[in-house]
Amino acid sequence: MPDAHTQELLRFDRLTISFDGVTVLSELSLEIRRGETLALVGESGSGKSVSALGAMNLLPSNAQVEGGRWLGDTDLTTLKPRDWQALRGRRVGFIFQEPMTSLNPLHTVAKQIGETLRLHQGLSGRAARERARTLLEQVKLPRPDELLDAWPHQLSGGQRQRVMIAMAIANDPELLIADEPTTALDVTVQQEILALLAELQDRHGMGMLFITHDLNLVRRHANRVCVLFNGREQETGPVNEVFQSPRSAYTRSLLDAEPVGRPAPVSAGGTLLQARALSVSFQRPKRLFAKRPPAFVAVKPLNLDIAPGETLGIVGESGSGKTTLAMALLRLTESLGEISFDGERLDMLSGNNLRQRRRRFQVVFQDPYGSLSPRLPVSEIISEGLRFHYPGLKEAEVIERVQATLKEVGLPADCAARYPHEFSGGQRQRIAVARALILEPELVVLDEPTSALDRTVQKQLVELLRDLQARRGLSYLFISHDLAVVRAMAHRIMVLKDGELIEEGHCLDVLERPASDYTRALVAAAGLSIRR
Amino acid sequence: MTLAFNTSSLSPITRRRISVFRHNRRAWVSLWIFMALFAVSLAAELIANDKPLVMQYDGQWYVPLLVDYPETEFGGFLPTRTDYHDPFIQAQLDENGWALWPLIPFSYQTLDMQMMRPSPSSPDGRHWLGTDDQGRDVLARVIYGFRLSVFFALVLTAGSLVMGVIIGGIQGYFGGKTDLIGQRLTEIWSGLPMLFLLIILASMVQPGFWWLLGIMLLFSWLGLVDVVRAEFLRARNLEYVRAAKAMGLPSRLIMWRHVLPNAMVATLTFIPFLFTGAITTLTALDFLGFGLPPGSPSLGELVAQGKNNLHAPWLGITAFVSLSLMLSLLVFIGEGLRDAFDPRHIQHGSSAAPTRIPANA
């Protein structure tokens with residue numbers, strides 16, 4: 001027997017996976033040793049998750065998996081369904097990306113953890129509960145006794161992910177497959193979860209296959225890294241080596257993809273958008289015969305100014321009221337306080353008067369898939385607002401404007417007749433930008449426009465937005481949780497936490513010399529590289 | 001410039017749905033059979049009628065199908081409408097010209113006076129499906145009855161669709177108080193018993209086609225409201241709807257262009273079942289005698305006759321076969337539509353739909 005710590009735990013030998021003849025992963029060979037973390041990195045659609053799922057026989061029946069795969073001495077290609085059941089959850093633990101949907105909403109935490117204990121260790125009743133409690137302690141959940149009887153909806157995202165981890169390590173697996181375990185979580189929570197995983201890994205000597213698209217996390221949490229592109233292995237090696245001297249061109253472009261640069265300085269003075277004592281609160285539902293609970297305050301009263309040609313970045317974790325604030329400024333959500341746009345009180349307007357003004361402040365949403373109607377061709381999507389606000393325009397003029405706008409956002413002219421589903425995420429986001437731009441607005445609210453995109457695409461979009469700002473003198477309200485992107489976009493920053501303004505100031509000042517603890521924690525968790 | 005600005009070209013989603021529907025052989029064939037039957041029944045006057053289509057008498061052309069001629073034209077004594085089955089008129093026609101008769105020389109209410117046997121009479125060469133207890137040709141009544149039922153169901157479905165989508169759409173899109181009050185009102189309204197109302201009404205007025213349609217329309221949209229409301233509620237929070245709002249589009253445009261197309265999927269799936277429901281209700285009312293006025297060609301009345309004349313099995317069998325055929329065809333079409341609109345439906349062996357790959361990042 002070779003030394004347990006250098007022994008191979010998981011090995012792929014030319015693993016190839018295809019769906020109905022379409023190859024999504026070709027000839028991937030890698031191995032993971034005990035106690036080691038291998039990061040599988042790539043952009044969406046590069047075959048990261050598929051490789052892990054395929055190796056564990058978790059793909060739908062129309063997938064063909066070829067090539068050798070071994071877990072320790074077990075040849076995974078020869079296993080029968082019964083053997084698989086014994087293996088999954090026992091020798092291999094899984095953590096999935098979406099903590100909201102990977103727990104069954106109808107069972108308590110104790111029952112869900114107990115199930116895997118009963119299946120693989122035959123524990124039941126009191127023994128299972130005792131073990132579940134220990135596990136919750138191990139993943140550092142507060143008040144484990146209480147949480148055992150909690151339902152998934154009573155837990156926060158980070159807590160749910162900890163429960164998932166507790167389930168994954170319940171049977172002391174040899175291998176842990178973590179598929180984007182922290183993508184849905186806030187940055188500060190991300191750090192805690194990953195630190196926890198590393199600690200558990202040390203204690204149990206597990207091997208970990210860590211699937212992610214976030215290079216920052218890889219740099220800090222993995223031993224070795226394997227870069228995938230379009231289902232092909234680009235390069236594999238120790239993290240330091242790969243990050244210091246990447247061999248493949250793709251890895252280099254991935255490493256370079258962090259958005260750099262700064263927006264052009266603001267030239268004109270004055271104020272375009274001004275808000276005074278703006279606050280948003282939502283009434284909570286009233287129970288029958290009960291007193292109505294106090295309203296939930298999503299945004300506490302704050303003041304805000306944006307000058308023409310300026311970008312104001314709004315930063316905060318999920319639930320901090322960033323989007324609510326933007327929707328209130330756009331008068332898409334009821335709010336209290338004064339909002340004036342170009343000297344005119346917006347909060348006094350309603351109905352048709354307000355609709356007429358809407359041309360001047362536009363919005364681009366986060367989700368490039370949800371923000372374009374799937375039933376309309378691109379030309380219709382882009383020209384819709386134009387046709388409404390300028391009913392006098394002739395057909396030829398509309399076409400011309402659409403063409404010009406498409407060109408401006410860097411899309412080919414022939415895409416006007418196509419439908420949104422034919423485009424990638426980055427291209428869709430460009431379409432959304434074109435839809436806003438064609439009305440020639442003065443202010444564009446960008447609600448996390450880059451967060452659903454891959455790094456390389458993010459960089460391109462940031463450059464496009466900066467370019468448009470310089471050319472048209474646009475003002476942006478830029479909402480993001482990603483400090484790297486904010487640094488590349490914003491002149492000034494406001495940091496929000498739980499609806500409250502924590503800190504406000506010039507972008508670089510805030511990021512480099514944060515005045516509050518919260519901002520410091522955010523900056524530390526984001527791991528901003530210093531190069532500029 | 002090769003910009004396609006016309007929206008008339010089908011979107012890829014629609015094209016995929018049509019292709020799924022066409023691949024469902026049962027639904028596709030059912031649709032064709034149903035359309036063919038309906039087309040035939042639309043031309044019922046040309047197929048089953050108690051008047052010749054065209055005729056020549058004394059060298060002159062006549063079109064009895066379209067024009068009522070008095071009997072005096074053909075040598076009769078009274079200036080009444082000509083009964084072309086009258087032996088005297090027939091003799092006149094044979095002597096002085098010719099007549100082109102439809103395939104079935106009886107209309108739905110023609111009483112066959114020349115019948116030698118007591119009615120209901122069994123099928124023979126003269127009456128292919130026999131006659132009912134008043135001596136009317138069963139086949140002719142089935143053809144007319146089919147048309148009437150389908151037409152009734154079509155108008156009722158279209159009406160319910162319009163009402164259901166408007167009411168459900170307004171409730172769902174605006175939500176809040178509008179929704180709350182609208183929902184309570186529809187609940188109260190749906191508590192009214194439709195069948196009893198119809199029966200009470202039948203005792204006060206003689207319900208005709210439009211009466212029945214109107215009353216059933218008052219209630220038949222209720223089933224749609226919930227579906228449409230739910231779809232609108234969901235869609236109003238979609239980001240492209242919010243984007244349209246931010247663009248300054250008025251509510252009616254947003255509802256029409258962005259929300260309705262989404263809601264139509266669930267609604268269209270509902271339609272075939274609304275359709276069969278309408279036919280069944282009409283038949284049931286006719287069977288009970290509270291439906292269309294006496295003498296109308298109705299399948300329900302044929303069922304009732306079959307029940308009252310068990311010694312004449314052709315009545316019951318014809319009613320059963322025609323009703324079950326019609327309803328089965330509609331259910332098959334409905335199933336096909338439902339599958340075609342189901343986003344989870346995977347098209348096998350087609351390159352058009354790439355298989356969904358498990359979420360990766």
# chains A, B, ... in the order shown; residues from 1 in each chain; ligands from 1
$ residues_around --residues "Ala195 in chain A" --least-positions-apart "4" --cutoff "12 Å" --atoms "only C-alpha atoms" --output "tab-separated table (two decimals) with N, CA and C atoms, in the first residue's frame"
chain	number	residue	atom	x	y	z
A	139	VAL	N	-20.20	22.07	11.29
A	139	VAL	CA	-20.26	23.09	10.24
A	139	VAL	C	-20.54	24.46	10.85
A	140	LYS	N	-20.44	24.56	12.16
A	140	LYS	CA	-20.49	25.83	12.88
A	140	LYS	C	-21.80	26.57	12.67
A	162	ARG	N	-24.57	25.45	4.70
A	162	ARG	CA	-23.91	24.70	5.77
A	162	ARG	C	-24.62	23.39	6.03
A	182	THR	N	-20.39	28.27	-3.52
A	182	THR	CA	-20.58	29.58	-2.90
A	182	THR	C	-21.09	30.63	-3.88
A	188	THR	N	-18.88	37.84	1.87
A	188	THR	CA	-18.38	37.59	3.22
A	188	THR	C	-18.76	36.18	3.68
A	189	VAL	N	-19.95	35.72	3.27
A	189	VAL	CA	-20.38	34.36	3.62
A	189	VAL	C	-19.53	33.34	2.86
A	190	GLN	N	-19.23	33.66	1.60
A	190	GLN	CA	-18.37	32.80	0.79
A	190	GLN	C	-17.09	32.44	1.53
A	191	GLN	N	-16.45	33.46	2.09
A	191	GLN	CA	-15.18	33.24	2.77
A	191	GLN	C	-15.35	32.25	3.91
A	199	GLU	N	-11.15	23.50	6.59
A	199	GLU	CA	-10.92	22.94	7.91
A	199	GLU	C	-11.41	21.50	7.98
A	200	LEU	N	-12.61	21.27	7.44
A	200	LEU	CA	-13.16	19.92	7.45
A	200	LEU	C	-12.29	18.97	6.63
A	201	GLN	N	-11.78	19.50	5.54
A	201	GLN	CA	-10.94	18.70	4.67
A	201	GLN	C	-9.68	18.25	5.41
A	202	ASP	N	-9.10	19.18	6.15
A	202	ASP	CA	-7.91	18.84	6.94
A	202	ASP	C	-8.25	17.76	7.95
A	217	LEU	N	-11.25	32.68	-5.90
A	217	LEU	CA	-11.42	31.60	-4.94
A	217	LEU	C	-10.39	30.52	-5.18
A	220	ARG	N	-6.99	31.19	-3.75
A	220	ARG	CA	-6.85	31.11	-2.31
A	220	ARG	C	-7.16	29.75	-1.72
A	221	HIS	N	-7.95	28.94	-2.43
A	221	HIS	CA	-8.45	27.75	-1.77
A	221	HIS	C	-8.07	26.43	-2.41
A	222	ALA	N	-7.40	26.44	-3.55
A	222	ALA	CA	-7.13	25.16	-4.21
A	222	ALA	C	-5.63	24.87	-4.22
A	525	ALA	N	-12.90	40.59	1.54
A	525	ALA	CA	-13.49	39.37	0.98
A	525	ALA	C	-13.39	39.36	-0.53
$ interface_residues --of "chain A" --to "chain B" --cutoff "6 Å" --atoms "only C-alpha atoms" --output "PDB file with C-alpha atoms, in the first residue's frame"
ATOM      1  CA  SER A  44     -20.280  28.597 -18.211  1.00  0.00           C
ATOM      2  CA  SER A  49     -20.308  20.328 -13.833  1.00  0.00           C
ATOM      3  CA  ARG A 355     -44.526  57.960 -18.830  1.00  0.00           C
ATOM      4  CA  ARG A 358     -39.389  57.803 -18.707  1.00  0.00           C
ATOM      5  CA  GLY A 370     -35.223  37.200 -18.225  1.00  0.00           C
ATOM      6  CA  SER A 371     -35.079  40.769 -19.382  1.00  0.00           C
ATOM      7  CA  LEU A 372     -35.771  40.153 -23.064  1.00  0.00           C
ATOM      8  CA  SER A 373     -39.172  38.906 -24.159  1.00  0.00           C
ATOM      9  CA  GLY A 385     -39.944  52.215 -26.865  1.00  0.00           C
ATOM     10  CA  ALA A 417     -34.347  39.727 -37.238  1.00  0.00           C
TER      11      ALA A 417
END
$ residues_around --residues "Arg359 in chain A" --least-positions-apart "2" --cutoff "7 Å" --atoms "only C-alpha atoms" --output "list in words"
Gln356, Arg357, Phe361, Gln362, Leu439 and Pro441 of chain A; Met247 and Gly248 of chain B
$ atom_distance --atom1 "CA of Lys177 in chain B" --atom2 "CA of Leu233 in chain B"
13.2 Å
$ residues_around --residues "Lys459 in chain A" --least-positions-apart "5" --cutoff "12 Å" --atoms "only C-alpha atoms" --output "ChimeraX atom specification"
/A:253-261,426,449-451,453-454,464-466,484-486,488-489
$ write_last_selection --atoms "C-alpha atoms" --output "mmCIF file, in the first residue's frame"
data_model
loop_
_atom_site.group_PDB
_atom_site.id
_atom_site.type_symbol
_atom_site.label_atom_id
_atom_site.label_comp_id
_atom_site.auth_asym_id
_atom_site.auth_seq_id
_atom_site.Cartn_x
_atom_site.Cartn_y
_atom_site.Cartn_z
ATOM 1 C CA SER A 253 -7.058 35.599 -21.158
ATOM 2 C CA LEU A 254 -8.987 34.255 -18.177
ATOM 3 C CA LEU A 255 -6.418 35.676 -15.766
ATOM 4 C CA ASP A 256 -6.404 38.988 -17.570
ATOM 5 C CA ALA A 257 -10.139 39.213 -17.553
ATOM 6 C CA GLU A 258 -10.523 41.271 -14.421
ATOM 7 C CA PRO A 259 -11.942 44.582 -15.551
ATOM 8 C CA VAL A 260 -9.269 47.255 -15.353
ATOM 9 C CA GLY A 261 -9.037 50.948 -15.870
ATOM 10 C CA GLY A 426 -23.144 38.910 -23.122
ATOM 11 C CA PRO A 449 -25.547 44.159 -15.503
ATOM 12 C CA THR A 450 -22.410 42.048 -15.348
ATOM 13 C CA SER A 451 -23.047 39.605 -12.540
ATOM 14 C CA LEU A 453 -21.743 37.005 -17.182
ATOM 15 C CA ASP A 454 -18.373 35.305 -17.410
ATOM 16 C CA LEU A 464 -18.536 49.192 -23.847
ATOM 17 C CA LEU A 465 -20.385 51.011 -21.067
ATOM 18 C CA ARG A 466 -17.466 53.305 -20.360
ATOM 19 C CA ALA A 484 -13.682 44.823 -9.152
ATOM 20 C CA VAL A 485 -16.342 45.834 -11.650
ATOM 21 C CA VAL A 486 -17.438 48.790 -9.570
ATOM 22 C CA ALA A 488 -13.672 49.969 -13.161
ATOM 23 C CA MET A 489 -16.965 51.800 -13.603
#
$ select_by_dssp --residues "range 155-404 of chain A" --states "helix (DSSP H, G or I)" --output "NGL selection string"
:A and (157-168 or 187-204 or 215-221 or 239-244 or 249-255 or 322-329 or 351-360 or 378-389 or 395-404)
$ closest_residue --among "A:Ile211, A:Thr108, A:Leu346, A:Asp447" --to "Met327 in chain A" --atoms "only C-alpha atoms"
A:Asp447
$ closest_residue --among "B:Pro70, B:Pro52, B:Pro272, B:Gly306" --to "Phe287 in chain B" --atoms "only C-alpha atoms"
B:Gly306
$ closest_residue --among "B:Leu212, B:Met115, B:Ala39, B:Leu161" --to "Tyr144 in chain B" --atoms "only C-alpha atoms"
B:Ala39
$ residues_around --residues "Leu195 in chain B" --least-positions-apart "5" --cutoff "10 Å" --atoms "only C-alpha atoms" --output "list in words"
Ile200, Leu201, Ile215, Met216, Thr281, Ala284, Leu285 and Phe290 of chain B
$ residues_around --residues "Leu79 in chain A" --least-positions-apart "4" --cutoff "12 Å" --atoms "only C-alpha atoms" --output "list in words"
Ala55, Met56, Asn57, Arg69, Trp70, Leu71, Thr74, Asp75, Asp83, Trp84, Gln85, Ala86, Leu87 and Arg88 of chain A
$ atom_distance --atom1 "CA of Ile169 in chain A" --atom2 "CA of Leu30 in chain A"
23.2 Å
$ closest_residue --among "B:Phe232, B:Tyr69, B:Phe151, B:Phe146" --to "Leu327 in chain B" --atoms "only C-alpha atoms"
B:Phe146
$ select_by_dssp --residues "range 157-395 of chain A" --states "strand (DSSP E)" --output "MDAnalysis selection string"
chainID A and resid 175:179 207:212 224:229 232:238 273:282 296:306 311:315 336:341 344:345 361:364
$ write_last_selection --atoms "C-alpha atoms" --output "compact mmCIF listing (two decimals), in the first residue's frame"
# COMPACT_ATOMS: atom_id res chain seq x y z
CA LEU A 175 -14.17 12.65 -1.86
CA LEU A 176 -16.20 15.84 -1.74
CA ILE A 177 -17.54 17.27 -4.95
CA ALA A 178 -18.38 20.95 -4.49
CA ASP A 179 -20.12 22.35 -7.56
CA GLY A 207 -10.07 14.98 -1.44
CA MET A 208 -12.09 17.78 -2.94
CA LEU A 209 -13.15 18.49 -6.48
CA PHE A 210 -13.95 22.19 -6.42
CA ILE A 211 -15.88 23.42 -9.43
CA THR A 212 -16.00 27.17 -9.89
CA ARG A 224 -4.07 22.37 -8.08
CA VAL A 225 -6.18 23.72 -10.89
CA CYS A 226 -7.48 22.33 -14.16
CA VAL A 227 -8.71 24.84 -16.72
CA LEU A 228 -11.46 23.81 -19.12
CA PHE A 229 -12.58 25.56 -22.25
CA ARG A 232 -11.32 20.62 -23.56
CA GLU A 233 -8.63 20.62 -20.96
CA GLN A 234 -6.41 23.68 -21.39
CA GLU A 235 -3.87 23.10 -18.70
CA THR A 236 -3.48 21.46 -15.32
CA GLY A 237 -0.99 22.21 -12.61
CA PRO A 238 -0.33 23.58 -9.16
CA LEU A 273 -30.71 63.27 -10.50
CA GLN A 274 -31.24 64.31 -6.93
CA ALA A 275 -32.97 62.47 -4.11
CA ARG A 276 -33.64 63.89 -0.67
CA ALA A 277 -34.67 61.77 2.32
CA LEU A 278 -35.62 58.94 0.00
CA SER A 279 -36.91 55.85 1.78
CA VAL A 280 -38.80 52.72 0.81
CA SER A 281 -40.80 50.53 3.11
CA PHE A 282 -43.03 47.56 2.47
CA PHE A 296 -40.31 46.53 6.65
CA VAL A 297 -37.93 49.35 5.82
CA ALA A 298 -35.97 48.34 2.73
CA VAL A 299 -34.20 51.65 2.27
CA LYS A 300 -33.72 54.04 5.16
CA PRO A 301 -33.88 57.77 4.35
CA LEU A 302 -30.84 58.82 2.35
CA ASN A 303 -29.72 61.59 0.03
CA LEU A 304 -28.25 61.00 -3.37
CA ASP A 305 -26.94 63.11 -6.26
CA ILE A 306 -25.73 62.20 -9.70
CA THR A 311 -21.28 57.09 -12.52
CA LEU A 312 -22.51 56.46 -9.02
CA GLY A 313 -21.76 52.94 -7.83
CA ILE A 314 -24.06 51.33 -5.30
CA VAL A 315 -22.41 48.48 -3.42
CA LEU A 336 -41.21 58.51 0.29
CA GLY A 337 -39.07 61.58 -0.14
CA GLU A 338 -38.14 63.89 -2.97
CA ILE A 339 -36.78 62.75 -6.30
CA SER A 340 -35.95 65.36 -8.88
CA PHE A 341 -34.62 64.77 -12.35
CA GLU A 344 -38.18 68.56 -12.11
CA ARG A 345 -39.89 66.79 -9.24
CA PHE A 361 -33.98 57.52 -17.59
CA GLN A 362 -33.61 53.93 -18.67
CA VAL A 363 -32.65 50.69 -16.98
CA VAL A 364 -30.65 47.55 -17.76
$ residues_around --residues "Gly168 in chain B" --least-positions-apart "5" --cutoff "8 Å" --atoms "only C-alpha atoms" --output "list in words"
Leu224, Val225, Asp226, Val227, Val228, Arg229 and Phe232 of chain B
$ atom_distance --atom1 "CA of Gly499 in chain A" --atom2 "CA of Thr323 in chain A"
10.3 Å
